[in-house]
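Below is the file entry.cif, which contains mmCIF, C-alpha atoms.
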data_protein
#
loop_
_atom_site.label_atom_id
_atom_site.label_comp_id
_atom_site.auth_asym_id
_atom_site.auth_seq_id
_atom_site.Cartn_x
_atom_site.Cartn_y
_atom_site.Cartn_z
CA MET P 1205 9.66 -23.30 10.66
CA ASP P 1206 8.26 -20.72 8.37
CA TYR P 1207 8.94 -17.26 9.70
CA ASN P 1208 7.47 -15.90 6.51
CA LEU P 1209 4.07 -16.37 8.14
CA ILE P 1210 4.99 -13.40 10.31
CA VAL P 1211 5.92 -11.08 7.46
CA PRO P 1212 2.37 -10.06 6.45
CA TYR P 1213 1.79 -8.73 9.96
CA ILE P 1214 4.84 -6.44 10.03
CA PRO P 1215 3.04 -3.41 8.55
CA ASN P 1216 0.26 -3.80 11.15
CA LEU P 1217 2.74 -4.13 13.98
CA ARG P 1218 4.50 -0.97 12.76
CA ARG P 1219 1.27 1.02 12.50
CA TYR P 1220 0.25 0.03 16.01
CA ALA P 1221 3.73 0.68 17.41
CA ARG P 1222 3.86 4.13 15.81
CA ALA P 1223 0.60 5.09 17.46
CA LEU P 1224 1.58 3.51 20.75
CA VAL P 1225 5.09 4.93 21.08
CA GLY P 1226 4.69 8.17 19.20
CA ASP P 1227 8.06 8.52 17.51
CA ARG P 1228 9.24 6.64 14.49
CA ASP P 1229 12.56 5.34 15.80
CA GLY P 1230 11.18 4.25 19.14
CA ALA P 1231 8.32 2.50 17.37
CA ASP P 1232 10.58 0.67 14.96
CA ASP P 1233 12.78 -0.43 17.87
CA LEU P 1234 9.68 -1.89 19.48
CA VAL P 1235 8.78 -3.73 16.28
CA GLN P 1236 12.33 -4.96 15.86
CA ASP P 1237 12.50 -6.33 19.41
CA THR P 1238 9.09 -7.93 18.94
CA LEU P 1239 10.14 -9.66 15.73
CA GLU P 1240 13.36 -10.95 17.24
CA ARG P 1241 11.48 -12.34 20.18
CA ALA P 1242 8.82 -13.87 17.91
CA VAL P 1243 11.47 -15.64 15.88
CA ARG P 1244 13.18 -16.92 19.02
CA LYS P 1245 9.88 -18.17 20.43
CA PHE P 1246 8.33 -19.30 17.19
CA HIS P 1247 8.51 -22.94 18.23
CA LEU P 1248 6.10 -22.07 21.05
CA TRP P 1249 3.41 -20.79 18.71
CA ARG P 1250 0.60 -23.26 18.14
CA PRO P 1251 -1.26 -22.81 14.88
CA GLY P 1252 -4.09 -20.45 15.71
CA ASP P 1253 -4.38 -16.72 15.85
CA LEU P 1254 -0.89 -15.59 14.84
CA ARG P 1255 -1.89 -11.93 14.94
CA ALA P 1256 -3.00 -12.14 18.57
CA TRP P 1257 0.21 -13.99 19.41
CA LEU P 1258 2.38 -11.32 17.79
CA PHE P 1259 0.51 -8.47 19.46
CA ALA P 1260 0.81 -10.29 22.78
CA ILE P 1261 4.57 -10.44 22.30
CA MET P 1262 4.64 -6.76 21.39
CA HIS P 1263 2.65 -5.98 24.54
CA ASN P 1264 5.22 -7.79 26.71
CA VAL P 1265 8.13 -6.05 25.02
CA PHE P 1266 6.36 -2.68 25.38
CA ILE P 1267 5.71 -3.23 29.09
CA ASN P 1268 9.35 -4.20 29.63
CA GLN P 1269 10.48 -1.07 27.82
CA LEU P 1270 8.22 1.07 29.98
CA LYS P 1271 9.64 -0.51 33.14
CA ALA P 1272 13.19 0.02 31.92
CA ARG P 1273 12.41 3.63 31.18
CA ARG P 1274 10.98 4.17 34.64
CA ILE P 1275 14.14 2.84 36.24
CA ALA P 1276 16.48 4.78 33.95
CA PRO P 1277 14.55 7.78 32.67
CA GLU P 1278 17.63 9.39 31.11
CA VAL P 1279 18.59 6.86 28.51
CA GLU P 1280 21.26 8.35 26.29
CA ALA P 1281 19.69 10.96 24.06
CA ASP P 1282 20.89 10.29 20.57
CA GLU P 1283 21.24 13.67 18.96
CA THR P 1284 22.53 12.27 15.71
CA LEU P 1285 19.16 10.78 14.83
CA PRO P 1286 16.95 12.95 12.69
CA ALA P 1287 13.73 14.15 14.21
CA PRO P 1288 10.83 11.78 13.53
CA ILE P 1289 9.34 12.54 10.17
CA SER P 1290 6.20 14.45 10.79
CA THR P 1291 3.10 13.45 8.94
CA VAL P 1292 1.16 16.21 10.58
CA THR P 1293 -1.09 17.92 8.11
CA SER P 1294 -3.36 19.92 10.32
CA VAL P 1295 -3.74 21.19 13.80
CA ASP P 1296 -6.20 18.57 14.95
CA LEU P 1297 -3.89 15.72 13.87
CA MET P 1298 -1.04 17.11 15.90
CA ASP P 1299 -3.39 17.20 18.80
CA LEU P 1300 -4.22 13.55 18.21
CA GLU P 1301 -0.61 12.42 18.69
CA ARG P 1302 -0.11 14.61 21.71
CA ALA P 1303 -3.38 13.45 23.21
CA LEU P 1304 -2.43 9.80 22.69
CA GLY P 1305 0.81 10.48 24.53
CA CYS P 1306 -1.17 11.83 27.46
CA ILE P 1307 -3.41 8.87 28.13
CA ALA P 1308 -2.25 5.97 30.28
CA PRO P 1309 -0.31 3.36 28.25
CA GLU P 1310 -2.66 0.57 29.26
CA GLN P 1311 -5.67 2.56 28.01
CA ARG P 1312 -3.78 3.56 24.86
CA GLU P 1313 -3.13 -0.09 24.03
CA VAL P 1314 -6.79 -1.04 24.22
CA VAL P 1315 -8.04 2.00 22.31
CA LEU P 1316 -5.51 1.42 19.52
CA LEU P 1317 -6.00 -2.33 19.16
CA VAL P 1318 -9.73 -1.79 18.75
CA ALA P 1319 -9.46 1.21 16.44
CA LEU P 1320 -6.53 0.19 14.25
CA GLU P 1321 -6.73 -3.59 14.31
CA ASP P 1322 -10.50 -3.99 14.55
CA MET P 1323 -9.94 -6.35 17.45
CA THR P 1324 -12.91 -7.68 19.40
CA TYR P 1325 -12.99 -7.50 23.21
CA ALA P 1326 -11.98 -11.17 23.24
CA ASP P 1327 -9.02 -10.54 20.88
CA VAL P 1328 -7.79 -7.68 23.04
CA SER P 1329 -8.24 -9.74 26.17
CA ARG P 1330 -6.04 -12.49 24.68
CA ALA P 1331 -3.42 -10.14 23.31
CA LEU P 1332 -3.01 -8.18 26.53
CA GLY P 1333 -3.71 -11.00 28.96
CA ILE P 1334 -6.44 -9.11 30.82
CA PRO P 1335 -10.09 -9.99 31.53
CA ILE P 1336 -12.77 -8.82 29.11
CA GLY P 1337 -14.30 -6.57 31.76
CA THR P 1338 -11.01 -4.75 32.10
CA VAL P 1339 -10.79 -4.38 28.33
CA MET P 1340 -14.21 -2.73 28.28
CA SER P 1341 -13.52 -0.33 31.10
CA ARG P 1342 -10.09 0.67 29.75
CA LEU P 1343 -11.58 1.17 26.32
CA SER P 1344 -14.33 3.48 27.48
CA ARG P 1345 -12.10 5.42 29.85
CA GLY P 1346 -9.36 5.72 27.25
CA ARG P 1347 -11.72 6.90 24.52
CA GLU P 1348 -13.34 9.39 26.84
CA ARG P 1349 -10.05 10.84 27.98
CA LEU P 1350 -8.72 11.03 24.42
CA ARG P 1351 -11.80 12.95 23.32
CA ARG P 1352 -11.57 15.37 26.21
CA LEU P 1353 -7.91 16.04 25.51
CA MET P 1354 -8.61 16.71 21.87
CA ASN P 1355 -11.44 19.03 22.70
CA GLY P 1356 -8.85 21.13 24.44
CA GLU P 1357 -9.88 20.30 27.95
CA SER P 1358 -7.21 20.44 30.58
CA THR P 1359 -5.21 17.28 31.26
CA HIS P 1360 -6.36 17.67 34.84
CA SER P 1361 -10.02 17.83 34.00
CA ALA P 1362 -10.68 14.92 36.33
CA LEU P 1363 -9.71 17.15 39.23
CA ARG P 1364 -12.19 19.89 38.48
CA VAL P 1365 -14.42 20.76 41.37
CA VAL P 1366 -17.89 19.47 40.80
CA GLN P 1367 -20.48 21.91 41.98
CA MET O 759 -19.03 -10.37 20.63
CA THR O 760 -17.43 -7.49 18.87
CA SER O 761 -16.21 -4.10 19.92
CA ALA O 762 -18.57 -2.45 17.52
CA ASP O 763 -18.47 1.30 17.60
CA ASP O 764 -21.94 1.57 18.96
CA ARG O 765 -21.74 5.32 19.36
CA PRO O 766 -21.05 7.74 16.56
CA GLU O 767 -18.31 9.48 18.52
CA ASP O 768 -16.45 6.15 18.82
CA ALA O 769 -16.63 5.60 15.09
CA GLN O 770 -15.39 9.12 14.59
CA LEU O 771 -12.41 8.53 16.87
CA ARG O 772 -11.58 5.32 15.06
CA ALA O 773 -11.75 7.05 11.69
CA MET O 774 -9.44 9.76 12.92
CA LEU O 775 -6.88 7.25 14.22
CA ARG O 776 -7.02 5.25 11.00
CA ARG O 777 -6.61 8.31 8.85
CA HIS O 778 -3.59 9.35 10.83
CA PHE O 779 -1.79 6.04 11.19
CA ASP O 780 -2.83 4.00 8.13
CA PRO O 781 -0.09 5.57 5.99
CA VAL O 782 2.41 3.61 8.10
CA LEU O 783 1.03 0.43 6.50
CA SER O 784 2.41 1.36 3.11
CA GLU O 785 5.84 2.54 4.25
CA PRO O 786 8.63 0.29 3.02
CA ILE O 787 9.79 -2.06 5.75
CA PRO O 788 13.27 -1.13 6.97
CA ALA O 789 15.90 -3.67 6.00
CA ARG O 790 16.79 -4.31 9.65
CA MET O 791 13.34 -5.80 10.19
CA HIS O 792 13.94 -8.77 7.98
CA LEU O 793 13.50 -11.87 9.99
CA ARG O 794 16.67 -13.65 10.76
CA ARG O 795 16.61 -17.04 12.30
CA PRO O 796 18.42 -17.57 15.60
CA ALA O 797 22.16 -18.11 15.19
CA TRP O 798 22.05 -21.60 16.66
CA LEU O 799 19.76 -22.74 13.86
CA ASP O 800 22.31 -21.52 11.34
CA HIS O 801 25.02 -23.48 13.09
CA ALA O 802 22.84 -26.58 13.20
CA ARG O 803 22.06 -26.21 9.52
CA THR O 804 25.69 -25.67 8.59
CA GLY O 805 26.62 -28.79 10.52
CA LEU O 806 23.95 -30.82 8.78
CA LEU O 807 24.93 -29.56 5.34
CA LEU O 808 28.55 -30.31 6.09
CA ALA O 809 27.69 -33.86 7.14
CA VAL O 810 25.57 -34.39 4.03
CA GLY O 811 28.33 -32.92 1.87
CA ILE O 812 30.95 -35.21 3.32
CA ALA O 813 28.67 -38.22 2.88
CA ILE O 814 28.02 -37.30 -0.76
CA GLY O 815 31.73 -36.73 -1.28
CA PHE O 816 32.42 -40.26 -0.18
CA ALA O 817 29.52 -41.79 -2.07
CA LEU O 818 29.91 -39.91 -5.34
CA PRO O 819 32.89 -41.77 -6.81
CA LEU O 820 31.00 -45.01 -6.22
CA LEU O 821 27.81 -43.76 -7.78
CA SER O 822 28.79 -41.71 -10.78
CA PRO O 823 31.16 -43.10 -13.34
CA ALA O 824 30.75 -40.06 -15.62
CA PRO O 825 32.70 -36.94 -14.72
CA VAL O 826 30.66 -33.94 -13.64
CA PRO O 827 30.36 -31.64 -16.66
CA PRO O 828 32.11 -28.29 -16.21
CA ALA O 829 29.80 -25.45 -15.29
CA ALA O 830 28.27 -24.04 -18.42
CA LEU O 831 30.41 -21.03 -19.19
CA ALA O 832 27.97 -19.04 -21.20
CA ALA O 833 24.60 -19.90 -19.72
CA PRO O 834 21.82 -17.82 -21.25
CA LEU O 835 21.10 -14.45 -19.69
CA PRO O 836 17.85 -15.37 -17.86
CA LEU O 837 19.50 -18.40 -16.27
CA ARG O 838 22.50 -16.39 -15.07
CA ALA O 839 20.19 -13.71 -13.73
CA ALA O 840 17.98 -16.23 -11.93
CA ARG O 841 21.01 -17.89 -10.33
CA ALA O 842 22.32 -14.55 -9.12
CA HIS O 843 18.85 -13.73 -7.82
CA LEU O 844 18.70 -16.98 -5.86
CA VAL O 845 22.12 -16.40 -4.35
CA TYR O 846 21.66 -12.82 -3.17
CA SER O 847 17.98 -12.10 -2.66
CA PRO O 848 17.62 -14.20 0.53
CA GLU O 849 20.62 -12.41 2.11
CA VAL O 850 19.52 -10.85 5.37
CA ARG O 851 22.60 -8.93 6.42
CA HIS O 852 24.35 -8.21 3.15
CA PRO O 853 21.78 -8.22 0.34
CA VAL O 854 23.77 -5.50 -1.42
CA GLU O 855 27.33 -4.22 -1.44
CA VAL O 856 26.40 -0.57 -1.67
CA GLU O 857 23.12 0.62 -0.22
CA ALA O 858 20.58 2.84 -1.89
CA SER O 859 21.54 5.67 0.47
CA GLN O 860 24.74 5.96 -1.59
CA GLU O 861 23.00 5.62 -4.91
CA GLU O 862 25.11 8.15 -6.74
CA HIS O 863 28.30 6.38 -5.76
CA LEU O 864 26.76 3.01 -6.63
CA VAL O 865 25.81 4.06 -10.14
CA LYS O 866 29.17 5.72 -10.80
CA TRP O 867 31.08 2.70 -9.60
CA LEU O 868 29.08 0.10 -11.52
CA SER O 869 29.03 2.25 -14.67
CA LYS O 870 32.80 2.47 -14.49
CA ARG O 871 33.23 -1.26 -14.02
CA LEU O 872 30.83 -2.19 -16.81
CA GLY O 873 32.14 0.55 -19.07
CA LEU O 874 28.62 1.84 -19.70
CA PRO O 875 26.59 4.68 -18.27
CA LEU O 876 24.02 2.80 -16.15
CA ARG O 877 20.69 4.08 -14.99
CA VAL O 878 18.70 2.80 -12.06
CA PRO O 879 14.97 2.50 -12.72
CA ARG O 880 12.57 4.04 -10.20
CA LEU O 881 9.98 1.49 -9.19
CA ALA O 882 8.23 3.24 -6.30
CA GLN O 883 5.04 3.45 -8.35
CA GLU O 884 5.14 -0.32 -8.66
CA GLY O 885 5.66 -0.57 -4.89
CA PHE O 886 9.38 -1.40 -4.97
CA GLU O 887 12.18 0.62 -3.42
CA LEU O 888 15.83 0.29 -4.32
CA LEU O 889 17.87 -1.51 -1.64
CA GLY O 890 21.18 -1.08 -3.43
CA GLY O 891 23.40 -3.04 -5.74
CA ARG O 892 26.50 -5.12 -6.20
CA LEU O 893 29.12 -6.14 -8.70
CA LEU O 894 29.15 -9.74 -9.89
CA PRO O 895 31.38 -11.78 -12.13
CA GLY O 896 29.66 -12.53 -15.42
CA SER O 897 30.59 -14.96 -18.17
CA ASP O 898 32.36 -12.19 -20.03
CA GLY O 899 33.31 -9.49 -17.53
CA PRO O 900 31.62 -7.69 -14.69
CA VAL O 901 27.88 -7.63 -14.17
CA ALA O 902 25.75 -5.27 -12.08
CA GLN O 903 22.89 -6.39 -9.89
CA PHE O 904 20.39 -3.96 -8.41
CA MET O 905 18.03 -5.15 -5.72
CA TYR O 906 14.55 -3.85 -4.95
CA GLN O 907 12.14 -4.65 -2.19
CA ASP O 908 8.44 -4.04 -1.56
CA ALA O 909 6.56 -3.39 1.67
CA SER O 910 6.05 -7.08 2.32
CA GLY O 911 9.76 -7.81 1.92
CA ARG O 912 9.51 -9.38 -1.55
CA ARG O 913 12.67 -8.77 -3.53
CA LEU O 914 13.36 -8.31 -7.20
CA THR O 915 16.78 -8.11 -8.80
CA LEU O 916 17.77 -6.36 -12.00
CA TYR O 917 20.77 -8.01 -13.63
CA VAL O 918 22.65 -5.85 -16.11
CA ALA O 919 25.41 -7.40 -18.22
CA THR O 920 27.26 -5.97 -21.18
CA ARG O 921 26.35 -7.82 -24.36
CA THR O 922 28.84 -10.54 -25.14
CA ARG O 923 30.20 -10.83 -28.62
CA GLY O 924 27.89 -12.83 -30.80
CA GLU O 925 25.00 -12.59 -28.33
CA GLU O 926 21.81 -12.04 -30.25
CA LEU O 927 19.67 -8.96 -29.73
CA THR O 928 16.50 -10.07 -27.99
CA SER O 929 13.20 -8.33 -27.55
CA PHE O 930 11.24 -8.36 -24.28
CA ARG O 931 10.88 -12.02 -23.24
CA PHE O 932 9.86 -14.20 -20.34
CA ALA O 933 11.63 -17.22 -18.87
CA GLN O 934 10.84 -19.40 -15.89
CA GLU O 935 13.91 -20.75 -14.09
CA GLY O 936 12.58 -22.97 -11.33
CA ALA O 937 10.76 -20.75 -8.85
CA VAL O 938 12.26 -17.62 -10.35
CA SER O 939 10.39 -15.69 -13.02
CA VAL O 940 12.56 -13.61 -15.34
CA PHE O 941 11.76 -10.93 -17.89
CA TYR O 942 14.73 -10.08 -20.04
CA TRP O 943 15.87 -8.35 -23.17
CA ILE O 944 19.18 -7.69 -24.86
CA ASP O 945 19.75 -4.41 -26.63
CA HIS O 946 22.77 -3.23 -28.54
CA ASP O 947 24.95 -2.65 -25.47
CA CYS O 948 23.46 -4.59 -22.63
CA GLY O 949 21.39 -7.51 -21.50
CA TYR O 950 18.84 -6.77 -18.81
CA ALA O 951 16.98 -9.33 -16.72
CA LEU O 952 14.48 -8.65 -13.97
CA SER O 953 14.05 -11.67 -11.67
CA GLY O 954 11.74 -12.40 -8.79
CA GLU O 955 9.98 -15.23 -7.06
CA VAL O 956 6.64 -13.68 -7.93
CA ASP O 957 4.00 -14.56 -10.44
CA LYS O 958 4.40 -13.67 -14.07
CA ALA O 959 1.69 -11.02 -14.19
CA ALA O 960 3.04 -9.12 -11.19
CA LEU O 961 6.57 -9.27 -12.54
CA ALA O 962 5.40 -8.22 -16.00
CA ARG O 963 4.04 -4.95 -14.62
CA VAL O 964 7.33 -4.07 -12.97
CA ALA O 965 9.42 -5.30 -15.92
CA THR O 966 7.41 -3.15 -18.31
CA ALA O 967 8.17 -0.12 -16.17
CA VAL O 968 11.88 -1.02 -16.13
CA TYR O 969 11.88 -1.53 -19.88
CA HIS O 970 10.24 1.82 -20.57
CA GLN O 971 12.59 3.66 -18.25
CA LEU O 972 15.73 2.08 -19.65
CA GLU O 973 14.86 2.00 -23.34
CA ARG O 974 13.55 5.54 -23.58
#
Would you write out, as structure tokens, the structure that this file holds?
Amino acid sequence: MDYNLIVPYIPNLRRYARALVGDRDGADDLVQDTLERAVRKFHLWRPGDLRAWLFAIMHNVFINQLKARRIAPEVEADETLPAPISTVTSVDLMDLERALGCIAPEQREVVLLVALEDMTYADVSRALGIPIGTVMSRLSRGRERLRRLMNGESTHSALRVVQ
Amino acid sequence: MTSADDRPEDAQLRAMLRRHFDPVLSEPIPARMHLRRPAWLDHARTGLLLAVGIAIGFALPLLSPAPVPPAALAAPLPLRAARAHLVYSPEVRHPVEVEASQEEHLVKWLSKRLGLPLRVPRLAQEGFELLGGRLLPGSDGPVAQFMYQDASGRRLTLYVATRTRGEELTSFRFAQEGAVSVFYWIDHDCGYALSGEVDKAALARVATAVYHQLER
């Protein structure tokens, strides 16, 4: 079995994870868990779209991590780790990361797979295991919300009273 | 069907995300991310190798009347370097003895053991980061090996040995040892060999940088 087939996708998995999770260490943990699982399950992969397969694994690991965090929100805070290295170069970029953190994880996944990985609706549908219609609605809602957040609108804008 | 950015504001959002996160693509991959096969596969492989070894051990006396020649003591520099490369570069957990995070200590230690002030070339411009280094036994005393890695996990090793008595000075040369390409040269004090399982042109670029940095 040639795990080296996976190697070319590692930078892409890291880019996506960084955008999805927000901090460097958390993102690399997600990539690490994904790779370990991919190696363990590699015999289950049938030659085809390896990228979609890897992102599907990352999706499952991500969802499990979210569930674990909901059950135990206070996982030990490791104060010895350095703060994530900031690549922030301007105010609007900082807003981008914060805004991403504010949209629902399932919308964030779709927005990022399309924007960073150039995935088609069908690719996203396969990677996340959701129908194409759901991909489309999450994409448009996620994009819309992201734009509103970055334009400085309140995170509760949906609750504004419509005259 | 594609998810084309049919509206300009979608394209703009995509461009913003790419600009912000694309730099992650060129970050060196942390060593812990190197794929390791499940432990049971290692055990299975060890068992198989052991069985094959035992079988050969039994069969060998029947098959080969001639004694196995002793290992060549003074194999040429590129061959020694390529062998060392093959042994250590696939190492997942212990590719180096001392990691790049302790570079100063590494250089001091290896310089002391080789009896020469060593320098570690910087290869970031060529896309390779130092992983660390180790001490190896050479044909005539200790040898230093530095290991580098690029973003895709490809590894190069720089083998530095003190020049043995009678070893000829050699200008910048290329050797192919099986799958391993080696650029090497021997100056007054030291022999240097840069090895990698990469094509000659790619290795030549990095080797030229090493050569210029070390022979300044």
List, as a JSON list (two decimals) with C-alpha atoms, keeping the file's coordinate frame, every residue that the PyMOL selection byres ((chain P) within 9 of (chain O)) selects in the file provided.
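Once written, selection-v4.json looks like this:
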[["chain", "number", "residue", "atom", "x", "y", "z"],
["P", 1207, "TYR", "CA", 8.94, -17.26, 9.70],
["P", 1208, "ASN", "CA", 7.47, -15.90, 6.51],
["P", 1210, "ILE", "CA", 4.99, -13.40, 10.31],
["P", 1211, "VAL", "CA", 5.92, -11.08, 7.46],
["P", 1212, "PRO", "CA", 2.37, -10.06, 6.45],
["P", 1213, "TYR", "CA", 1.79, -8.73, 9.96],
["P", 1214, "ILE", "CA", 4.84, -6.44, 10.03],
["P", 1215, "PRO", "CA", 3.04, -3.41, 8.55],
["P", 1216, "ASN", "CA", 0.26, -3.80, 11.15],
["P", 1217, "LEU", "CA", 2.74, -4.13, 13.98],
["P", 1218, "ARG", "CA", 4.50, -0.97, 12.76],
["P", 1219, "ARG", "CA", 1.27, 1.02, 12.50],
["P", 1220, "TYR", "CA", 0.25, 0.03, 16.01],
["P", 1222, "ARG", "CA", 3.86, 4.13, 15.81],
["P", 1223, "ALA", "CA", 0.60, 5.09, 17.46],
["P", 1232, "ASP", "CA", 10.58, 0.67, 14.96],
["P", 1235, "VAL", "CA", 8.78, -3.73, 16.28],
["P", 1236, "GLN", "CA", 12.33, -4.96, 15.86],
["P", 1239, "LEU", "CA", 10.14, -9.66, 15.73],
["P", 1240, "GLU", "CA", 13.36, -10.95, 17.24],
["P", 1243, "VAL", "CA", 11.47, -15.64, 15.88],
["P", 1244, "ARG", "CA", 13.18, -16.92, 19.02],
["P", 1291, "THR", "CA", 3.10, 13.45, 8.94],
["P", 1292, "VAL", "CA", 1.16, 16.21, 10.58],
["P", 1297, "LEU", "CA", -3.89, 15.72, 13.87],
["P", 1300, "LEU", "CA", -4.22, 13.55, 18.21],
["P", 1301, "GLU", "CA", -0.61, 12.42, 18.69],
["P", 1315, "VAL", "CA", -8.04, 2.00, 22.31],
["P", 1316, "LEU", "CA", -5.51, 1.42, 19.52],
["P", 1318, "VAL", "CA", -9.73, -1.79, 18.75],
["P", 1319, "ALA", "CA", -9.46, 1.21, 16.44],
["P", 1320, "LEU", "CA", -6.53, 0.19, 14.25],
["P", 1322, "ASP", "CA", -10.50, -3.99, 14.55],
["P", 1323, "MET", "CA", -9.94, -6.35, 17.45],
["P", 1324, "THR", "CA", -12.91, -7.68, 19.40],
["P", 1325, "TYR", "CA", -12.99, -7.50, 23.21],
["P", 1326, "ALA", "CA", -11.98, -11.17, 23.24],
["P", 1340, "MET", "CA", -14.21, -2.73, 28.28],
["P", 1347, "ARG", "CA", -11.72, 6.90, 24.52],
["P", 1350, "LEU", "CA", -8.72, 11.03, 24.42],
["P", 1351, "ARG", "CA", -11.80, 12.95, 23.32]]
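By chain and then residue number, the residues within 9 Å of O:Ala933 are Pro836, Leu837, Val938, Ser939, Val940, Phe941 and Tyr942 of chain O, counting only C-alpha atoms and disregarding those fewer than 4 positions away in sequence.
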* Asked: Quick one: distance from atom CA of O:Asp947 to atom CA of O:Tyr917 in Å, one decimal?
  -> 13.7 Å
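Those residues that approach P:Ala1242 to within 10 Å, counting all atoms listed in the file, are P:Tyr1207, P:Ile1210, P:Gln1236, P:Asp1237, P:Thr1238, P:Phe1246, P:His1247, P:Leu1248, P:Trp1249, P:Trp1257, P:Leu1258, P:Ile1261, P:Met1262, O:Leu793; same-chain residues fewer than 4 positions away are not listed.
Put simply, atom CA of O:Glu935 is 14.9 Å away from atom CA of O:Ser847.
Here atom CA of P:Gln1269 is placed at a distance of 8.4 Å from atom CA of P:Leu1234.
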* Asked: When distances are computed from all atoms listed in the file, which of O:Gln770, O:Gln907, O:Ser859, O:Ser897 shows the smallest separation from O:Val964?
  -> O:Gln907
* Asked: Exactly which residues make up the result of the PyMOL selection byres ((chain O and resi 895) around 12) on this file, given as JSON, numbers by chain?
  -> {"O": [831, 838, 839, 842, 871, 872, 892, 893, 894, 896, 897, 898, 899, 900, 901, 902, 903, 917, 918, 919, 920]}
Counting all atoms listed in the file, I want the residues whose atoms come within 7 Å of (9.8, -14.6, -7.9) in the file frame, returned as an mmCIF file with C-alpha atoms, keeping the file's coordinate frame.
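And here's point21.cif as it stands now:
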data_model
loop_
_atom_site.group_PDB
_atom_site.id
_atom_site.type_symbol
_atom_site.label_atom_id
_atom_site.label_comp_id
_atom_site.auth_asym_id
_atom_site.auth_seq_id
_atom_site.Cartn_x
_atom_site.Cartn_y
_atom_site.Cartn_z
ATOM 1 C CA ALA O 937 10.760 -20.750 -8.850
ATOM 2 C CA VAL O 938 12.260 -17.620 -10.350
ATOM 3 C CA SER O 939 10.390 -15.690 -13.020
ATOM 4 C CA SER O 953 14.050 -11.670 -11.670
ATOM 5 C CA GLY O 954 11.740 -12.400 -8.790
ATOM 6 C CA GLU O 955 9.980 -15.230 -7.060
ATOM 7 C CA VAL O 956 6.640 -13.680 -7.930
ATOM 8 C CA ASP O 957 4.000 -14.560 -10.440
#
* Decode the PyMOL selection byres ((chain O and resi 875-891) around 6) for the given file into explicit residues and return them as a VMD selection string. => chain O and resid 854 to 858 869 874 892 903 to 908 968
Selection above as a file: C-alpha atoms, as an mmCIF file, in the coordinates of the input:
data_model
loop_
_atom_site.group_PDB
_atom_site.id
_atom_site.type_symbol
_atom_site.label_atom_id
_atom_site.label_comp_id
_atom_site.auth_asym_id
_atom_site.auth_seq_id
_atom_site.Cartn_x
_atom_site.Cartn_y
_atom_site.Cartn_z
ATOM 1 C CA VAL O 854 23.770 -5.500 -1.420
ATOM 2 C CA GLU O 855 27.330 -4.220 -1.440
ATOM 3 C CA VAL O 856 26.400 -0.570 -1.670
ATOM 4 C CA GLU O 857 23.120 0.620 -0.220
ATOM 5 C CA ALA O 858 20.580 2.840 -1.890
ATOM 6 C CA SER O 869 29.030 2.250 -14.670
ATOM 7 C CA LEU O 874 28.620 1.840 -19.700
ATOM 8 C CA ARG O 892 26.500 -5.120 -6.200
ATOM 9 C CA GLN O 903 22.890 -6.390 -9.890
ATOM 10 C CA PHE O 904 20.390 -3.960 -8.410
ATOM 11 C CA MET O 905 18.030 -5.150 -5.720
ATOM 12 C CA TYR O 906 14.550 -3.850 -4.950
ATOM 13 C CA GLN O 907 12.140 -4.650 -2.190
ATOM 14 C CA ASP O 908 8.440 -4.040 -1.560
ATOM 15 C CA VAL O 968 11.880 -1.020 -16.130
#
